[in-house]
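Asker: So here's coords-v1.txt, just compact mmCIF, C-alpha atoms:
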```
# COMPACT_ATOMS: atom_id res chain seq x y z
CA MET A 12 -7.02 -48.45 -31.72
CA ALA A 13 -5.20 -49.47 -34.85
CA TYR A 14 -4.79 -53.12 -35.67
CA LYS A 15 -3.43 -55.13 -38.59
CA GLY A 16 -6.01 -55.46 -41.36
CA GLN A 17 -8.06 -52.46 -40.20
CA PRO A 18 -10.29 -51.30 -43.11
CA VAL A 19 -9.56 -47.60 -42.51
CA PRO A 20 -5.95 -46.45 -42.23
CA SER A 21 -5.13 -44.92 -38.86
CA SER A 22 -2.18 -43.97 -36.75
CA VAL A 23 -1.59 -44.51 -33.07
CA HIS A 24 -0.08 -41.62 -31.15
CA ASN A 25 0.97 -42.47 -27.63
CA ILE A 26 0.73 -39.39 -25.50
CA GLY A 27 2.85 -39.47 -22.39
CA TYR A 28 3.39 -37.07 -19.55
CA GLY A 29 -0.18 -36.86 -18.40
CA LYS A 30 -1.63 -36.00 -15.05
CA ILE A 31 0.31 -37.54 -12.21
CA SER A 32 -1.66 -36.27 -9.19
CA ASP A 33 -4.42 -33.97 -8.02
CA GLY A 34 -1.84 -31.46 -6.79
CA LYS A 35 -2.81 -31.86 -3.15
CA SER A 36 0.72 -32.71 -2.08
CA VAL A 37 4.24 -32.20 -3.33
CA ARG A 38 7.51 -34.00 -2.65
CA VAL A 39 10.16 -31.73 -1.13
CA THR A 40 13.70 -32.07 0.16
CA VAL A 41 14.40 -31.82 3.88
CA PRO A 42 17.76 -30.08 4.38
CA GLU A 43 20.54 -31.55 6.48
CA SER A 44 20.34 -31.38 10.28
CA THR A 45 16.58 -30.75 10.26
CA LYS A 46 13.77 -32.34 12.25
CA VAL A 47 10.32 -32.50 10.64
CA GLU A 48 7.25 -33.64 12.58
CA ALA A 49 4.14 -35.00 10.87
CA GLY A 50 1.18 -32.63 11.23
CA LYS A 51 3.33 -29.49 11.47
CA PHE A 52 3.72 -26.82 8.77
CA TYR A 53 7.03 -26.17 7.02
CA LEU A 54 8.37 -24.04 4.19
CA LEU A 55 10.54 -26.35 2.09
CA ASP A 56 11.70 -25.98 -1.54
CA GLY A 57 9.48 -22.89 -1.84
CA PHE A 58 6.31 -24.75 -0.79
CA LEU A 59 4.43 -24.12 2.43
CA GLY A 60 2.53 -27.16 3.61
CA CYS A 61 1.72 -29.67 6.31
CA ALA A 62 4.19 -32.54 6.65
CA VAL A 63 2.55 -35.93 6.26
CA GLN A 64 5.47 -37.85 7.74
CA SER A 65 8.21 -37.32 10.30
CA VAL A 66 11.90 -37.39 9.50
CA GLU A 67 15.14 -36.20 11.05
CA THR A 68 18.24 -35.64 8.94
CA GLY A 69 21.80 -35.62 10.18
CA ALA A 70 24.85 -33.69 9.06
CA GLN A 71 25.42 -33.97 5.29
CA GLU A 72 22.18 -35.97 4.97
CA THR A 73 18.94 -34.98 3.25
CA ALA A 74 15.58 -36.71 2.90
CA GLU A 75 12.48 -36.41 0.77
CA ILE A 76 8.99 -36.08 2.25
CA ALA A 77 5.49 -35.18 1.08
CA LEU A 78 3.93 -31.85 2.07
CA ASN A 79 0.16 -31.50 1.96
CA ILE A 80 -0.51 -28.24 0.08
CA GLU A 81 -4.26 -28.73 -0.35
CA THR A 82 -6.49 -25.71 0.13
CA ALA A 83 -8.60 -26.73 3.12
CA GLU A 84 -9.40 -25.74 6.70
CA TYR A 85 -6.74 -26.74 9.22
CA GLU A 86 -6.33 -26.58 12.99
CA THR A 87 -2.95 -25.70 14.46
CA ASP A 88 -1.21 -24.69 17.65
CA GLN A 89 1.88 -23.70 15.66
CA ILE A 90 1.28 -19.99 16.30
CA ASP A 91 2.90 -16.92 17.81
CA THR A 92 1.10 -17.11 21.17
CA ALA A 93 1.81 -13.43 21.89
CA LYS A 94 -0.45 -12.41 18.99
CA SER A 95 -4.24 -12.41 19.02
CA PHE A 96 -5.77 -14.31 16.12
CA SER A 97 -9.32 -13.16 15.36
CA LYS A 98 -11.74 -14.60 12.85
CA GLY A 99 -10.99 -13.09 9.43
CA ASP A 100 -7.34 -12.20 10.20
CA LYS A 101 -4.82 -12.90 7.45
CA ILE A 102 -1.99 -15.10 8.70
CA TYR A 103 1.56 -15.54 7.51
CA PHE A 104 4.12 -18.29 8.06
CA ASP A 105 7.31 -17.17 9.78
CA ALA A 106 9.79 -19.78 8.47
CA ALA A 107 12.56 -18.65 10.83
CA ASN A 108 10.43 -19.41 13.90
CA LYS A 109 8.32 -22.15 12.23
CA ARG A 110 5.00 -20.63 13.28
CA PHE A 111 2.07 -18.58 12.04
CA THR A 112 1.71 -14.91 12.83
CA THR A 113 -0.51 -11.98 11.90
CA ASP A 114 2.57 -9.89 11.07
CA ALA A 115 2.55 -9.43 7.28
CA THR A 116 6.29 -8.70 7.16
CA ALA A 117 7.19 -11.99 8.83
CA GLY A 118 6.87 -14.31 5.88
CA VAL A 119 4.66 -16.10 3.38
CA PHE A 120 0.89 -15.55 3.22
CA ALA A 121 -0.73 -18.73 4.54
CA GLY A 122 -4.47 -18.11 4.81
CA VAL A 123 -7.33 -16.63 6.82
CA VAL A 124 -8.38 -17.45 10.39
CA THR A 125 -11.83 -19.11 10.62
CA ALA A 126 -11.93 -19.75 14.38
CA GLU A 127 -10.18 -17.29 16.68
CA LYS A 128 -7.41 -18.28 19.06
CA ASP A 129 -8.53 -20.48 21.91
CA ASP A 130 -6.50 -18.95 24.75
CA ALA A 131 -6.67 -22.13 26.84
CA ASN A 132 -4.97 -24.27 24.17
CA ASN A 133 -3.48 -21.62 21.85
CA VAL A 134 -5.19 -23.21 18.85
CA ILE A 135 -6.63 -21.59 15.72
CA TRP A 136 -8.52 -22.83 12.68
CA PHE A 137 -7.69 -21.34 9.31
CA VAL A 138 -8.35 -21.80 5.62
CA PHE A 139 -5.03 -22.62 4.01
CA ALA A 140 -4.52 -20.45 0.92
CA MET A 141 -3.64 -21.76 -2.51
CA GLN A 142 0.13 -21.71 -2.81
CA GLN A 143 1.84 -19.13 -4.98
CA SER A 144 5.22 -20.86 -4.89
CA VAL A 145 5.51 -20.67 -8.67
CA LEU A 146 5.64 -16.87 -8.45
CA ARG A 147 8.17 -17.01 -5.62
CA GLN A 148 10.35 -19.52 -7.50
CA ALA A 149 10.25 -17.45 -10.70
CA ALA A 150 11.30 -14.37 -8.76
CA LYS A 151 14.17 -16.29 -7.14
CA GLN A 152 15.48 -17.79 -10.38
CA ASP A 153 15.92 -14.55 -12.28
CA ASP A 154 17.25 -12.54 -9.30
CA SER A 155 14.20 -10.28 -9.32
CA THR A 156 13.88 -7.45 -6.86
CA ALA A 157 10.90 -7.05 -4.55
CA SER A 158 9.33 -4.59 -7.00
CA ASP A 159 9.54 -7.23 -9.76
CA VAL A 160 7.68 -9.71 -7.55
CA THR A 161 5.06 -7.05 -6.82
CA GLY A 162 4.70 -6.58 -10.59
CA LEU A 163 4.24 -10.33 -11.10
CA VAL A 164 1.57 -10.46 -8.41
CA ALA A 165 -0.18 -7.42 -9.94
CA ASP A 166 -0.14 -9.10 -13.38
CA PHE A 167 -1.47 -12.32 -11.85
CA ASN A 168 -4.28 -10.43 -10.07
CA ASP A 169 -5.12 -8.58 -13.31
CA LEU A 170 -5.37 -11.91 -15.14
CA LEU A 171 -7.68 -13.29 -12.43
CA ALA A 172 -9.92 -10.21 -12.70
CA LYS A 173 -10.16 -10.61 -16.48
CA LEU A 174 -11.03 -14.32 -16.15
CA LYS A 175 -13.73 -13.49 -13.61
CA ALA A 176 -15.13 -10.70 -15.81
CA ALA A 177 -15.27 -13.09 -18.77
CA GLY A 178 -17.21 -15.61 -16.66
CA LEU A 179 -14.42 -18.18 -16.90
CA MET A 180 -13.80 -18.20 -13.16
CA GLU A 181 -16.01 -17.93 -10.08
CA ASN A 182 -15.51 -15.20 -7.49
```
Can you turn what I pasted into structure tokens?
Answerer:
Amino acid sequence: MAYKGQPVPSSVHNIGYGKISDGKSVRVTVPESTKVEAGKFYLLDGFLGCAVQSVETGAQETAEIALNIETAEYETDQIDTAKSFSKGDKIYFDAANKRFTTDATAGVFAGVVTAEKDDANNVIWFVFAMQQSVLRQAAKQDDSTASDVTGLVADFNDLLAKLKAAGLMEN
């Protein structure tokens, strides 16, 4: 640190805009006339995550909440009870019905089932996948078509393969 009378000239450069969090949660906007319950999953502002607080907005009113987007194992009963969820199944979040399903066309990839559906309680355990909301947001902003998004995902997967091959990333 520079000080007056320092024998060697030096400069102080204040660097701002550093790390602000570990990226385990994100603040999102709850749209008007929406009820959010803590512990339930929601797709808000392009992020899929578990709400850490409850809020209910009225007409022409919005609110801001935190969504937990941490990659971890979760338990939920927020599922399509008509579907069977077996260990290893890929699950997707159906934002229209606010539930998880095994139907790949229903919505956003959410993770992989680690404990199959308990028919008595309709509960599953799953590993929540790392969010790819950046890719979805980029596709939205430039009016990309579905094939453009597929191209982005292919490029992303190619980059991951190269990083793994170079030993810069674990499998």
Asker: Select, from A:Ile102, A:Leu55, A:Val41, A:Ile90, the residue with the minimum atom-to-atom distance to Glu72 (chain A), counting all atoms listed in the file.
Answerer: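 Checking each of A:Ile102, A:Leu55, A:Val41, A:Ile90 against Glu72 (chain A), counting all atoms listed in the file, the winner is A:Val41.
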Asker: Might you pull out every residue within 8 Å of Gly50 (chain A), with only C-alpha atoms counted and same-chain residues fewer than 6 positions away left off, and present them as a PyMOL selection string?
Answerer: chain A and resi 61-64
Asker: One decimal, Å: what's the distance from CA of Asp91 (chain A) over to CA of Lys35 (chain A), could you say?
Answerer: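 That distance, rounded to one decimal, is 26.4 Å.
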Asker: Calculated over only C-alpha atoms, which of the candidates A:Ala172, A:Glu81, A:Ala165, A:Ala177 has the smallest distance to Val138 (chain A)?
Answerer: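 Using only C-alpha atoms, Val138 (chain A) sits closest to A:Glu81.
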Asker: Return the single residue from A:Val39, A:Ala117, A:Ile31, A:Val47 that is closest to Ala77 (chain A), with distances computed using all atoms listed in the file.
Answerer: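 With all atoms listed in the file as the atom set, the closest residue is A:Val39.
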Asker: Using all atoms listed in the file, list the residues that have an atom at most 9 Å from (7.7, -17.6, 11.5), coordinates as in the file, as a list in words.
Answerer: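 Applying the cut-off with all atoms listed in the file, one gets Ile90, Asp91, Tyr103, Phe104, Asp105, Ala106, Ala107, Asn108, Lys109, Arg110, Phe111, Thr112, Ala117, Gly118 and Val119 of chain A.
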Asker: Quick one, how far is CA of Asp100 (chain A) from CA of Phe120 (chain A)?
Answerer: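 CA of Phe120 (chain A) lies 11.3 Å from CA of Asp100 (chain A).
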Asker: Identify which of the residues A:Lys51, A:Lys46, A:Lys98, A:Lys30 lies closest to Trp136 (chain A), counting only C-alpha atoms when measuring atom-to-atom distances.
Answerer: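 The closest residue to Trp136 (chain A) is A:Lys98.
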Asker: Please indicate the distance in Å from CA of Gly178 (chain A) to CA of Met141 (chain A), rounded to one decimal place.
Answerer: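 Computing it gives 20.5 Å between the two atoms.
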Asker: Residues near Asn133 (chain A), anyone? I mean within 9 Å using only C-alpha atoms, not counting same-chain ones fewer than 2 positions away, as a short mmCIF file (atom, residue, chain, number, x, y, z; two decimals) with C-alpha atoms, in the coordinates of the input.
Answerer:
```
data_model
loop_
_atom_site.label_atom_id
_atom_site.label_comp_id
_atom_site.auth_asym_id
_atom_site.auth_seq_id
_atom_site.Cartn_x
_atom_site.Cartn_y
_atom_site.Cartn_z
CA THR A 87 -2.95 -25.70 14.46
CA ASP A 88 -1.21 -24.69 17.65
CA GLN A 89 1.88 -23.70 15.66
CA ILE A 90 1.28 -19.99 16.30
CA ASP A 91 2.90 -16.92 17.81
CA THR A 92 1.10 -17.11 21.17
CA LYS A 128 -7.41 -18.28 19.06
CA ASP A 129 -8.53 -20.48 21.91
CA ASP A 130 -6.50 -18.95 24.75
CA ALA A 131 -6.67 -22.13 26.84
CA ILE A 135 -6.63 -21.59 15.72
#
```
